[in-house]
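Just work.cif here, mmCIF, C-alpha atoms:
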```
data_start
#
loop_
_atom_site.label_atom_id
_atom_site.label_comp_id
_atom_site.auth_asym_id
_atom_site.auth_seq_id
_atom_site.Cartn_x
_atom_site.Cartn_y
_atom_site.Cartn_z
CA MET A 1 -30.01 -4.45 -10.17
CA ASN A 2 -31.64 -5.97 -7.09
CA TRP A 3 -30.41 -5.65 -3.53
CA LEU A 4 -28.61 -9.00 -3.68
CA ASN A 5 -26.50 -7.78 -6.58
CA SER A 6 -25.78 -4.52 -4.76
CA ILE A 7 -24.55 -6.47 -1.74
CA ALA A 8 -22.43 -8.63 -4.04
CA VAL A 9 -20.80 -5.53 -5.56
CA ILE A 10 -20.03 -4.11 -2.11
CA VAL A 11 -18.63 -7.43 -0.88
CA VAL A 12 -16.41 -7.65 -3.96
CA THR A 13 -15.30 -4.04 -3.32
CA PHE A 14 -14.33 -5.06 0.22
CA LEU A 15 -12.43 -8.10 -1.03
CA ALA A 16 -10.77 -6.09 -3.79
CA VAL A 17 -9.32 -3.64 -1.25
CA PHE A 18 -8.11 -6.55 0.90
CA VAL A 19 -6.43 -8.22 -2.07
CA GLU A 20 -4.75 -4.94 -3.03
CA VAL A 21 -3.43 -4.47 0.51
CA ALA A 22 -2.48 -8.02 1.43
CA GLY A 23 -1.84 -9.61 -1.95
CA ASP A 24 1.71 -9.49 -3.23
CA LEU A 25 1.53 -11.45 -6.43
CA PRO A 26 0.95 -8.81 -9.14
CA SER A 27 3.17 -6.26 -7.45
CA ARG A 28 6.09 -8.72 -7.23
CA TRP A 29 5.82 -9.47 -10.93
CA LEU A 30 4.91 -6.06 -12.26
CA GLY A 31 6.19 -3.76 -9.52
CA VAL A 32 2.74 -2.18 -9.46
CA ARG A 33 -0.43 -2.70 -7.47
CA ILE A 34 -3.44 -3.10 -9.72
CA ASP A 35 -6.39 -1.09 -8.43
CA LEU A 36 -9.68 -2.90 -8.94
CA LEU A 37 -11.89 -0.09 -7.63
CA PRO A 38 -12.14 1.79 -10.97
CA ALA A 39 -13.29 -1.45 -12.64
CA LEU A 40 -15.92 -1.94 -9.93
CA VAL A 41 -17.06 1.65 -10.32
CA VAL A 42 -17.45 1.03 -14.07
CA TYR A 43 -19.68 -1.96 -13.33
CA ALA A 44 -21.68 -0.09 -10.68
CA GLY A 45 -22.05 2.87 -13.02
CA LEU A 46 -23.38 0.73 -15.85
CA HIS A 47 -25.55 -1.71 -13.94
CA GLY A 48 -26.23 -0.25 -10.51
CA GLY A 49 -28.39 2.56 -9.25
CA LEU A 50 -27.17 5.75 -7.67
CA VAL A 51 -27.25 4.21 -4.19
CA THR A 52 -25.08 1.24 -5.20
CA LEU A 53 -22.68 3.48 -7.07
CA SER A 54 -22.41 5.89 -4.14
CA LEU A 55 -21.83 3.05 -1.69
CA VAL A 56 -19.11 1.53 -3.87
CA THR A 57 -17.31 4.85 -4.27
CA VAL A 58 -17.58 5.88 -0.60
CA LEU A 59 -16.83 2.52 1.00
CA GLY A 60 -14.21 1.55 -1.58
CA GLY A 61 -12.48 4.93 -1.33
CA LEU A 62 -12.51 4.99 2.46
CA TRP A 63 -11.30 1.41 2.83
CA PHE A 64 -8.57 2.09 0.27
CA ASP A 65 -7.41 5.22 2.12
CA SER A 66 -7.51 3.52 5.51
CA PHE A 67 -4.52 1.35 4.49
CA SER A 68 -2.73 4.08 2.61
CA ALA A 69 -0.72 7.17 3.41
CA ASN A 70 -3.40 9.07 1.46
CA PRO A 71 -5.47 11.56 3.44
CA LEU A 72 -8.73 9.86 4.40
CA GLY A 73 -11.42 10.38 1.76
CA ILE A 74 -9.23 11.57 -1.08
CA SER A 75 -9.93 8.51 -3.25
CA VAL A 76 -13.70 8.92 -3.01
CA LEU A 77 -14.04 11.95 -5.27
CA PRO A 78 -12.12 10.60 -8.32
CA LEU A 79 -14.03 7.31 -8.12
CA ALA A 80 -17.32 9.19 -7.83
CA ALA A 81 -16.48 11.51 -10.73
CA VAL A 82 -15.76 8.56 -13.05
CA GLY A 83 -18.71 6.52 -11.77
CA PHE A 84 -21.27 9.30 -12.08
CA LEU A 85 -20.05 10.19 -15.57
CA ILE A 86 -20.45 6.58 -16.72
CA GLU A 87 -23.84 6.34 -15.01
CA LYS A 88 -24.97 9.49 -16.81
CA LYS A 89 -23.98 8.16 -20.23
CA ARG A 90 -24.84 4.52 -19.67
CA ASP A 91 -27.74 4.48 -22.12
CA LEU A 92 -25.28 5.35 -24.86
CA ILE A 93 -22.73 2.66 -23.94
CA VAL A 94 -22.78 -0.84 -25.44
CA HIS A 95 -21.80 -2.40 -22.16
CA ASP A 96 -22.10 -6.06 -23.10
CA GLU A 97 -19.15 -5.97 -25.48
CA ILE A 98 -15.86 -7.15 -23.97
CA TRP A 99 -13.76 -4.54 -25.75
CA VAL A 100 -16.07 -1.76 -24.52
CA GLN A 101 -15.68 -3.05 -20.97
CA PHE A 102 -11.91 -3.20 -21.46
CA LEU A 103 -11.78 0.36 -22.79
CA LEU A 104 -13.99 1.69 -20.00
CA GLY A 105 -11.87 -0.10 -17.39
CA LEU A 106 -8.68 1.19 -19.01
CA ALA A 107 -9.95 4.76 -19.09
CA ALA A 108 -11.24 4.61 -15.51
CA SER A 109 -8.02 3.03 -14.23
CA LEU A 110 -6.00 5.77 -15.92
CA VAL A 111 -8.20 8.68 -14.88
CA VAL A 112 -8.80 7.77 -11.21
CA PRO A 113 -5.10 7.76 -10.14
CA LEU A 114 -4.48 10.90 -12.14
CA LEU A 115 -7.35 12.77 -10.45
CA THR A 116 -6.20 11.48 -7.05
CA LEU A 117 -2.69 12.77 -7.71
CA VAL A 118 -4.06 16.15 -8.76
CA LEU A 119 -6.04 16.35 -5.52
CA LEU A 120 -3.01 15.26 -3.48
CA VAL A 121 -0.79 17.90 -5.06
CA ASN A 122 -3.48 20.51 -4.47
CA LEU A 123 -3.56 19.51 -0.81
CA GLY A 124 0.17 20.17 -0.60
CA ARG A 125 1.24 16.53 -0.45
CA GLU A 126 4.27 15.28 -2.38
CA PRO A 127 3.44 11.89 -3.85
CA LEU A 128 6.26 9.76 -5.23
CA VAL A 129 5.95 10.64 -8.91
CA ASN A 130 8.95 10.28 -11.18
CA TRP A 131 9.49 8.93 -14.69
CA ASP A 132 9.03 5.39 -13.48
CA PHE A 133 5.54 6.34 -12.40
CA LEU A 134 4.60 6.64 -16.08
CA ARG A 135 5.32 2.93 -16.51
CA LYS A 136 3.36 2.15 -13.35
CA TRP A 137 0.46 4.30 -14.50
CA ILE A 138 0.21 2.56 -17.86
CA THR A 139 0.49 -0.86 -16.20
CA MET A 140 -2.24 0.13 -13.74
CA GLY A 141 -4.45 1.20 -16.64
CA LEU A 142 -3.87 -1.99 -18.59
CA GLY A 143 -4.33 -4.14 -15.48
CA GLY A 144 -7.58 -2.37 -14.62
CA GLY A 145 -8.73 -2.66 -18.24
CA ILE A 146 -8.07 -6.41 -18.32
CA MET A 147 -9.75 -6.97 -14.97
CA THR A 148 -12.93 -5.09 -15.92
CA PRO A 149 -14.38 -7.74 -18.31
CA VAL A 150 -13.35 -10.41 -15.79
CA LEU A 151 -15.34 -8.66 -13.05
CA PHE A 152 -18.27 -8.21 -15.42
CA ARG A 153 -18.27 -11.97 -16.12
CA VAL A 154 -18.18 -12.71 -12.37
CA PHE A 155 -21.18 -10.46 -11.75
CA TYR A 156 -23.09 -11.82 -14.76
CA CYS A 157 -22.50 -15.30 -13.41
CA TRP A 158 -23.75 -14.17 -9.99
CA GLU A 159 -26.85 -12.62 -11.56
CA ARG A 160 -27.59 -15.78 -13.54
CA THR A 161 -27.22 -17.90 -10.41
CA PHE A 162 -29.34 -15.87 -8.03
CA ALA A 163 -31.80 -13.93 -10.19
CA TYR A 164 -35.18 -15.39 -11.01
CA PRO A 165 -34.96 -17.22 -14.34
CA SER A 166 -36.75 -15.37 -17.10
CA VAL A 167 -39.97 -16.98 -18.18
CA SER A 168 -39.53 -18.68 -21.51
CA GLU A 169 -42.40 -17.75 -23.76
CA SER A 170 -43.51 -20.10 -26.45
CA SER A 171 -44.30 -18.69 -29.85
CA PHE A 172 -47.47 -20.81 -29.84
CA ARG A 173 -50.55 -18.95 -28.67
CA PRO A 174 -53.82 -20.90 -28.46
CA ASP A 175 -55.93 -17.79 -29.03
CA ARG A 176 -54.21 -17.17 -32.33
CA GLN A 177 -54.56 -20.74 -33.56
CA ILE A 178 -56.08 -21.07 -37.00
CA LYS A 179 -58.62 -23.74 -36.83
CA ARG A 180 -59.24 -25.59 -40.02
CA GLY A 181 -61.76 -28.15 -41.06
CA PRO A 182 -65.54 -28.26 -41.22
CA TYR A 183 -67.17 -26.19 -38.44
CA MET B 1 -35.30 17.00 -13.93
CA HIS B 2 -33.90 13.44 -13.94
CA ARG B 3 -30.41 14.86 -13.51
CA ARG B 4 -31.18 16.22 -10.06
CA PRO B 5 -30.72 13.02 -7.96
CA ARG B 6 -27.33 12.42 -9.58
CA PHE B 7 -26.29 15.99 -8.87
CA ILE B 8 -27.50 15.79 -5.27
CA ALA B 9 -25.72 12.46 -4.71
CA PHE B 10 -22.46 13.85 -6.08
CA LEU B 11 -22.84 16.99 -3.96
CA ILE B 12 -23.37 14.92 -0.83
CA LEU B 13 -20.25 12.88 -1.64
CA ALA B 14 -18.23 16.03 -2.29
CA LEU B 15 -19.35 17.51 1.05
CA LEU B 16 -18.50 14.24 2.81
CA VAL B 17 -15.01 14.28 1.29
CA LEU B 18 -14.55 17.93 2.22
CA GLY B 19 -15.53 17.13 5.79
CA LEU B 20 -13.17 14.15 5.95
CA LEU B 21 -10.24 16.09 4.51
CA ASN B 22 -10.70 18.80 7.13
CA LEU B 23 -10.70 16.43 10.07
CA PRO B 24 -7.89 16.86 12.61
CA SER B 25 -5.09 14.42 11.83
CA ARG B 26 -5.63 12.52 15.09
CA THR B 27 -9.33 12.00 14.36
CA ALA B 28 -8.59 11.00 10.76
CA SER B 29 -6.04 8.49 12.01
CA GLN B 30 -8.56 7.03 14.47
CA LEU B 31 -11.17 6.85 11.73
CA LYS B 32 -8.69 5.07 9.45
CA SER B 33 -7.99 2.62 12.23
CA ALA B 34 -11.72 2.05 12.78
CA LEU B 35 -12.23 1.37 9.06
CA GLY B 36 -9.30 -1.05 9.07
CA ILE B 37 -10.94 -3.11 11.83
CA PHE B 38 -13.38 -4.53 9.24
CA PHE B 39 -10.45 -6.30 7.63
CA LEU B 40 -9.04 -7.93 10.77
CA PRO B 41 -10.87 -11.25 10.28
CA LEU B 42 -9.54 -11.44 6.73
CA PHE B 43 -5.99 -10.71 7.85
CA GLY B 44 -6.35 -13.37 10.56
CA PHE B 45 -7.67 -15.83 8.02
CA ALA B 46 -4.83 -15.06 5.59
CA GLN B 47 -2.27 -15.53 8.38
CA SER B 48 -3.79 -18.85 9.42
CA ALA B 49 -3.75 -20.04 5.81
CA GLN B 50 -0.12 -18.98 5.48
CA ASN B 51 0.84 -20.76 8.72
CA LEU B 52 -0.95 -23.87 7.57
CA GLY B 53 0.92 -23.76 4.26
CA GLU B 54 4.24 -23.30 6.05
CA LYS B 55 3.49 -26.23 8.39
CA ALA B 56 2.56 -28.41 5.44
CA GLY B 57 5.77 -27.34 3.71
CA LEU B 58 7.82 -28.22 6.81
CA ASN B 59 6.30 -31.69 6.89
CA LEU B 60 7.63 -32.24 3.40
CA VAL B 61 11.22 -31.29 4.31
CA PRO B 62 13.37 -34.41 4.94
CA ARG B 63 14.48 -34.99 8.53
CA GLN B 64 18.13 -35.01 7.46
CA THR B 65 17.85 -31.48 6.04
CA LEU B 66 16.15 -30.21 9.21
CA LEU B 67 18.85 -31.72 11.42
CA GLY B 68 21.51 -30.13 9.23
CA ARG B 69 19.81 -26.74 9.55
CA ILE B 70 19.53 -27.11 13.33
CA ALA B 71 23.25 -27.86 13.56
CA GLN B 72 24.05 -24.86 11.39
CA LEU B 73 21.81 -22.57 13.47
CA GLU B 74 23.34 -23.85 16.72
CA LYS B 75 26.80 -23.02 15.40
CA GLU B 76 25.60 -19.57 14.31
CA ASN B 77 23.94 -19.06 17.69
CA GLN B 78 27.16 -19.84 19.53
CA MET B 79 29.07 -17.41 17.34
CA LEU B 80 26.48 -14.68 17.92
CA GLN B 81 26.56 -15.33 21.67
CA MET B 82 30.32 -14.82 21.66
CA GLN B 83 29.93 -11.63 19.64
CA ALA B 84 27.20 -10.45 22.02
CA MET B 85 29.53 -11.12 24.95
CA GLN B 86 32.21 -9.04 23.28
CA GLY B 87 29.62 -6.37 22.48
CA THR B 88 28.37 -6.27 26.05
CA GLU B 89 31.88 -5.70 27.25
CA ALA B 90 32.40 -2.96 24.66
CA LEU B 91 29.10 -1.36 25.69
CA ARG B 92 30.08 -1.43 29.33
CA GLU B 93 33.41 0.16 28.47
CA ASN B 94 31.67 2.71 26.25
CA ASN B 95 29.22 3.63 29.01
CA GLN B 96 32.10 4.03 31.47
CA LEU B 97 33.97 6.28 29.07
CA ARG B 98 30.79 8.26 28.41
CA GLN B 99 30.36 8.69 32.14
CA TRP B 100 33.94 9.96 32.49
CA MET B 101 33.46 12.32 29.55
CA GLY B 102 30.11 13.54 30.90
CA PHE B 103 28.17 12.25 27.87
CA GLN B 104 24.62 10.96 28.14
CA LYS B 105 24.37 7.23 28.75
CA GLN B 106 23.24 5.15 25.77
CA ASN B 107 20.24 2.97 26.49
CA PRO B 108 19.95 -0.40 24.78
CA TRP B 109 17.16 -0.68 22.26
CA ARG B 110 13.86 -2.17 23.31
CA LEU B 111 12.45 -3.94 20.28
CA LYS B 112 9.07 -5.42 19.44
CA LEU B 113 8.54 -7.79 16.55
CA ALA B 114 5.74 -6.88 14.15
CA ARG B 115 4.30 -8.70 11.18
CA VAL B 116 3.78 -6.83 7.93
CA ILE B 117 0.11 -7.43 7.14
CA GLY B 118 -0.35 -5.08 4.22
CA ARG B 119 1.21 -2.65 1.81
CA ASP B 120 0.02 0.72 0.63
CA PRO B 121 -2.45 0.06 -2.17
CA ALA B 122 -1.59 3.42 -3.75
CA ASN B 123 1.42 3.27 -6.05
CA TRP B 124 2.68 6.73 -5.11
CA TRP B 125 3.55 6.02 -1.47
CA ARG B 126 5.92 3.57 0.17
CA ALA B 127 4.05 2.48 3.26
CA LEU B 128 3.36 -0.74 5.14
CA THR B 129 0.76 -1.80 7.65
CA ILE B 130 2.02 -3.72 10.68
CA ASP B 131 0.02 -5.69 13.21
CA LEU B 132 1.07 -3.70 16.28
CA GLY B 133 -0.78 -0.64 17.52
CA SER B 134 -1.34 1.55 20.55
CA ARG B 135 -2.50 -1.59 22.42
CA GLU B 136 1.14 -2.77 22.32
CA GLY B 137 2.50 0.68 23.18
CA ILE B 138 3.53 1.74 19.67
CA GLN B 139 3.87 5.49 19.29
CA PRO B 140 4.03 7.73 16.23
CA ASN B 141 7.53 8.26 14.79
CA ALA B 142 8.88 5.04 16.33
CA THR B 143 11.77 3.71 14.25
CA VAL B 144 11.20 0.50 12.31
CA ILE B 145 14.14 -1.75 11.39
CA THR B 146 15.04 -5.27 10.36
CA ALA B 147 18.25 -7.23 10.86
CA ASP B 148 19.38 -5.87 7.48
CA GLY B 149 18.86 -2.20 8.28
CA LEU B 150 16.49 0.74 8.42
CA VAL B 151 12.90 0.36 7.19
CA GLY B 152 11.21 3.63 8.16
CA ARG B 153 9.10 5.21 10.85
CA VAL B 154 5.61 4.75 12.24
CA ALA B 155 3.34 7.40 10.74
CA SER B 156 0.00 6.69 12.35
CA VAL B 157 -1.03 4.34 15.10
CA GLY B 158 -4.31 2.51 15.40
CA TRP B 159 -5.53 0.25 18.16
CA GLN B 160 -4.25 -2.97 16.61
CA GLN B 161 -2.28 -1.84 13.59
CA SER B 162 0.01 0.95 12.50
CA LEU B 163 1.05 2.55 9.26
CA VAL B 164 4.80 2.60 8.63
CA ILE B 165 6.27 5.03 6.11
CA ALA B 166 9.34 3.49 4.54
CA VAL B 167 12.63 5.12 3.56
CA GLY B 168 12.28 6.55 0.07
CA ASP B 169 8.79 7.90 0.69
CA PRO B 170 8.53 11.68 0.53
CA GLY B 171 7.19 11.62 4.09
CA CYS B 172 10.24 9.85 5.48
CA LEU B 173 13.40 11.91 5.22
CA VAL B 174 16.34 10.49 7.15
CA ALA B 175 19.41 12.31 8.44
CA ALA B 176 22.30 10.07 7.47
CA VAL B 177 26.08 9.90 7.59
CA VAL B 178 28.62 8.15 5.38
CA GLN B 179 30.56 5.86 7.69
CA GLU B 180 33.97 6.26 6.08
CA THR B 181 34.02 10.00 5.36
CA ARG B 182 31.61 11.17 8.13
CA ASP B 183 29.79 13.34 5.58
CA CYS B 184 26.25 14.14 6.66
CA GLY B 185 23.28 14.33 4.31
CA ILE B 186 19.61 13.55 3.97
CA LEU B 187 18.13 10.37 2.52
CA GLU B 188 15.38 11.41 0.11
CA PRO B 189 13.30 9.67 -2.58
CA ALA B 190 15.34 9.00 -5.70
CA ALA B 191 14.98 11.76 -8.26
CA THR B 192 15.89 9.42 -11.08
CA SER B 193 13.56 6.55 -11.79
CA ALA B 194 14.33 3.12 -10.44
CA ALA B 195 12.07 0.26 -11.36
CA ASP B 196 12.79 -1.81 -8.25
CA ASN B 197 12.33 1.04 -5.71
CA SER B 198 15.49 0.04 -3.87
CA PHE B 199 17.40 3.26 -4.47
CA VAL B 200 17.25 6.57 -2.63
CA ASP B 201 19.31 9.75 -2.89
CA LEU B 202 21.67 10.97 -0.18
CA THR B 203 21.51 14.70 -0.77
CA HIS B 204 23.12 17.85 0.63
CA LEU B 205 26.54 16.27 1.05
CA SER B 206 29.43 18.73 1.11
CA ARG B 207 31.03 19.55 -2.24
CA GLY B 208 34.42 18.33 -1.12
CA SER B 209 33.29 14.93 0.09
CA THR B 210 35.15 12.00 -1.43
CA LEU B 211 32.45 9.47 -2.07
CA LYS B 212 33.12 6.03 -3.45
CA PRO B 213 30.83 3.16 -4.40
CA GLY B 214 30.43 0.66 -1.58
CA GLN B 215 30.74 3.16 1.26
CA LYS B 216 28.21 2.49 3.99
CA VAL B 217 25.48 4.91 5.04
CA PHE B 218 24.10 4.98 8.59
CA THR B 219 21.55 7.17 10.36
CA SER B 220 23.28 10.15 11.93
CA GLY B 221 20.76 10.73 14.69
CA LEU B 222 20.58 14.42 13.78
CA GLY B 223 16.95 14.50 12.69
CA GLY B 224 15.65 13.69 16.13
CA ILE B 225 13.49 10.78 14.96
CA PHE B 226 15.91 8.00 14.05
CA PRO B 227 18.57 6.96 16.56
CA LYS B 228 22.19 7.11 15.50
CA GLY B 229 23.94 4.14 13.93
CA ILE B 230 21.25 2.24 12.03
CA TYR B 231 22.55 0.88 8.74
CA ALA B 232 20.60 2.26 5.78
CA GLY B 233 22.49 1.11 2.69
CA GLU B 234 25.56 1.64 0.57
CA ILE B 235 26.58 4.21 -1.99
CA VAL B 236 26.29 3.18 -5.62
CA ASP B 237 27.48 6.34 -7.35
CA SER B 238 27.65 10.08 -6.79
CA ARG B 239 27.47 13.33 -8.74
CA MET B 240 27.24 17.06 -8.19
CA ALA B 241 23.69 18.38 -7.93
CA ASP B 242 21.91 21.71 -8.35
CA PHE B 243 24.62 23.31 -10.51
CA GLY B 244 27.41 22.11 -8.27
CA LEU B 245 25.94 23.37 -5.00
CA TYR B 246 26.25 20.04 -3.23
CA ASN B 247 27.12 16.40 -3.75
CA LEU B 248 24.44 13.79 -4.26
CA ALA B 249 24.95 10.06 -3.87
CA ARG B 250 22.68 7.27 -5.02
CA VAL B 251 22.23 4.77 -2.20
CA LYS B 252 21.04 1.20 -2.53
CA LEU B 253 18.87 0.44 0.47
CA ALA B 254 19.92 -2.45 2.69
CA VAL B 255 16.35 -3.62 3.13
CA ASN B 256 14.28 -5.00 0.29
CA LEU B 257 11.03 -3.23 1.07
CA SER B 258 8.92 -5.25 -1.31
CA GLN B 259 9.78 -8.54 0.40
CA LEU B 260 9.38 -7.56 4.02
CA GLU B 261 7.37 -9.96 6.13
CA ALA B 262 8.41 -9.01 9.67
CA VAL B 263 10.01 -5.90 11.16
CA TRP B 264 11.24 -4.69 14.55
CA VAL B 265 9.80 -1.55 16.12
CA LEU B 266 12.03 0.42 18.48
CA MET B 267 10.05 1.11 21.62
CA PRO B 268 10.52 4.38 23.49
#
```
Whole structure, structure tokens version:
Amino acid sequence: MNWLNSIAVIVVTFLAVFVEVAGDLPSRWLGVRIDLLPALVVYAGLHGGLVTLSLVTVLGGLWFDSFSANPLGISVLPLAAVGFLIEKKRDLIVHDEIWVQFLLGLAASLVVPLLTLVLLVNLGREPLVNWDFLRKWITMGLGGGIMTPVLFRVFYCWERTFAYPSVSESSFRPDRQIKRGPY
Amino acid sequence: MHRRPRFIAFLILALLVLGLLNLPSRTASQLKSALGIFFLPLFGFAQSAQNLGEKAGLNLVPRQTLLGRIAQLEKENQMLQMQAMQGTEALRENNQLRQWMGFQKQNPWRLKLARVIGRDPANWWRALTIDLGSREGIQPNATVITADGLVGRVASVGWQQSLVIAVGDPGCLVAAVVQETRDCGILEPAATSAADNSFVDLTHLSRGSTLKPGQKVFTSGLGGIFPKGIYAGEIVDSRMADFGLYNLARVKLAVNLSQLEAVWVLMP
């Protein structure tokens, strides 16, 4: 991943937080806000370096908390835990498959809120968790899972647009040409 | 050996988080406000786009409809003016009686209109971000209302925006009274699940209270944060709680929190 892609991931992280805060559409229909940060962390974990991943988790987490009643910084650690785990195992993950991206997004979107809630409870906070939260949690997971392949496609498109095109190599090589005829 | 940079990066992040979580609440609030400043251009842009859309929509409304609405609003305005006149007289009389009784004089509310620019992205809080901050004189714990009723209180104040915790959030408990029976209780998050988030529980009501659906619930002014007499909602049903220790009523909030666009902040 080059620096242009890293910037693109951070810009999308910024926009994702804005959409979550200011956008009403999914929450009016579903009653739940879909968190895009776990999906972005999945992408950064699979395609980015440690610096990009760290920036996404820190900036995304801090921006998220700045508009929330969460204590500042609490979202960073769950995002980092998921991101670093994916980054560690990325050589073993078939990350070009849509269903793999969906499953990773689903798992990340389920684990991140859960870890955040655990941290909140350990800090003595009382988050609003009742039986209805189970429905919200599953919806958040599914929403995050569905959005992950979409985000991957957006970034692939970005990469194709701005990366240097790969040199197309012809199978014909003059030095390997079999010359026939009378010599 | 290749694991080391990952471990170091995670350690640095963990230390950063530890440092942030141990910040004094005032500093954390200021830091939150500073981080929120990055988003101001986007909020401005979103507002402009919304205004533009509304203007375009108004241009499409037929003149006849607009004139009809103006006439209706003028009629409503006249009615409200008459009610205000009556209210002013009642207030004057009330103040005079208070003076005779030696009660403290009631000051009229000073209100400031705020626009709701964002909602808590976390699904486990009920909070809103408004576009007024310390620049406009907003202070922590200021009461936030709409024409329909109580919204919540200001939790943290930034320079240009503030975080409002709404009724039904665990951080916003409200001392309330049932208008008809004068039973006092506390408005808390609903223990039973409600998909539309419009219900809260009125707890710690006396065992003998005669609660009926439709009875109105107002702030009692006992908590010290919310002034007395703000409409919160109406009782839907009631039951005994904690093995019959006290009565608990389910209250439907007057304000639809998920559709709020503008609120009023009570100034000190």
Per residue of chain A within 8 Å of chain B, note the shortest atom pair and the distance in Å to one decimal, counting only C-alpha atoms, and order the rows by chain and increasing residue number, as a tab-separated table.
```
residue	atom	partner	partner_atom	distance
A:Val17	CA	B:Pro121	CA	7.9
A:Phe18	CA	B:Phe39	CA	7.1
A:Glu20	CA	B:Pro121	CA	5.6
A:Val21	CA	B:Gly118	CA	4.9
A:Ala22	CA	B:Gly118	CA	4.6
A:Gly23	CA	B:Gly118	CA	7.8
A:Arg28	CA	B:Ser258	CA	7.4
A:Gly31	CA	B:Asp196	CA	7.0
A:Val32	CA	B:Asn123	CA	6.6
A:Arg33	CA	B:Pro121	CA	6.3
A:Asp35	CA	B:Pro121	CA	7.5
A:Leu50	CA	B:Arg6	CA	6.9
A:Ser54	CA	B:Ala9	CA	7.4
A:Val58	CA	B:Leu13	CA	7.6
A:Leu62	CA	B:Leu35	CA	7.5
A:Trp63	CA	B:Leu35	CA	6.3
A:Phe64	CA	B:Pro121	CA	6.9
A:Asp65	CA	B:Lys32	CA	7.4
A:Ser66	CA	B:Lys32	CA	4.4
A:Phe67	CA	B:Asp120	CA	6.0
A:Ser68	CA	B:Asp120	CA	4.8
A:Ala69	CA	B:Trp125	CA	6.6
A:Asn70	CA	B:Ala122	CA	7.9
A:Pro71	CA	B:Leu21	CA	6.7
A:Leu72	CA	B:Leu20	CA	6.4
A:Gly73	CA	B:Val17	CA	5.3
A:Ile74	CA	B:Val17	CA	6.8
A:Val76	CA	B:Val17	CA	7.0
A:Leu77	CA	B:Ala14	CA	6.6
A:Ala80	CA	B:Phe10	CA	7.2
A:Ala81	CA	B:Phe10	CA	7.9
A:Phe84	CA	B:Arg6	CA	7.3
A:Glu126	CA	B:Pro170	CA	6.3
A:Pro127	CA	B:Trp124	CA	5.4
A:Leu128	CA	B:Trp124	CA	4.7
A:Val129	CA	B:Trp124	CA	6.4
A:Asn130	CA	B:Ser193	CA	6.0
A:Trp131	CA	B:Ser193	CA	5.5
A:Asp132	CA	B:Ser193	CA	5.0
A:Phe133	CA	B:Trp124	CA	7.8
A:Lys136	CA	B:Asn123	CA	7.6
```
>> Applying 7 Å and only C-alpha atoms, which residues near Val56 in chain A remain after dropping the ones on its own chain fewer than 5 positions away? List them as a count of residues only.
In response: 3
Taking the file as shown, what set of residues would the PyMOL selection byres ((chain A and resi 157-163) around 12) give back, as a short mmCIF file (atom, residue, chain, number, x, y, z; two decimals) with C-alpha atoms, keeping the file's coordinate frame?
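Below you can see out.cif, which holds the result:
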```cif
data_model
loop_
_atom_site.label_atom_id
_atom_site.label_comp_id
_atom_site.auth_asym_id
_atom_site.auth_seq_id
_atom_site.Cartn_x
_atom_site.Cartn_y
_atom_site.Cartn_z
CA MET A 1 -30.01 -4.45 -10.17
CA ASN A 2 -31.64 -5.97 -7.09
CA TRP A 3 -30.41 -5.65 -3.53
CA LEU A 4 -28.61 -9.00 -3.68
CA ASN A 5 -26.50 -7.78 -6.58
CA SER A 6 -25.78 -4.52 -4.76
CA ILE A 7 -24.55 -6.47 -1.74
CA ALA A 8 -22.43 -8.63 -4.04
CA VAL A 9 -20.80 -5.53 -5.56
CA VAL A 12 -16.41 -7.65 -3.96
CA HIS A 47 -25.55 -1.71 -13.94
CA VAL A 150 -13.35 -10.41 -15.79
CA LEU A 151 -15.34 -8.66 -13.05
CA PHE A 152 -18.27 -8.21 -15.42
CA ARG A 153 -18.27 -11.97 -16.12
CA VAL A 154 -18.18 -12.71 -12.37
CA PHE A 155 -21.18 -10.46 -11.75
CA TYR A 156 -23.09 -11.82 -14.76
CA TYR A 164 -35.18 -15.39 -11.01
CA PRO A 165 -34.96 -17.22 -14.34
CA SER A 166 -36.75 -15.37 -17.10
CA VAL A 167 -39.97 -16.98 -18.18
#
```
>> Once the PyMOL selection byres ((chain B and resi 186) around 10) has been evaluated on this model, what residues remain selected, and can you format them as a PyMOL selection string?
In response: chain B and resi 173-177+184-185+187-189+200-205+219-220+222-223+248
Produce the centre coordinates and the three edge lengths, each in Å to one decimal, of the box along x, y and z that contains all listed atoms of range 256-265 of chain B with 3 Å added on each side, as lines of an AutoDock Vina configuration file.
```
center_x = 10.8
center_y = -5.8
center_z = 7.4
size_x = 12.9
size_y = 14.4
size_z = 23.4
```
>> Show me the residues close to (-14.3, 0.5, -17.5) - anything with an atom within 10 Å, counting all atoms listed in the file - and format the list as JSON, numbers by chain.
In response: {"A": [38, 39, 40, 41, 42, 43, 45, 46, 82, 83, 86, 95, 99, 100, 101, 102, 103, 104, 105, 106, 107, 108, 109, 110, 141, 144, 145, 146, 147, 148, 149, 152]}
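Between CA of Phe14 in chain A and CA of Arg115 in chain B the separation is 21.9 Å.
Separating CA of Arg135 in chain B from CA of Ser48 in chain B is a distance of 21.6 Å.
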>> What's around Ser134 in chain B at 8 Å? Count all atoms listed in the file, leave out sequence neighbours fewer than 5 positions away in its own chain, and write the answer as number ranges by chain.
In response: B: 139, 157-161
> How many Å lie between CA of Pro227 in chain B and CA of Val151 in chain B, rounded to one decimal?
Replying inline: 12.8 Å
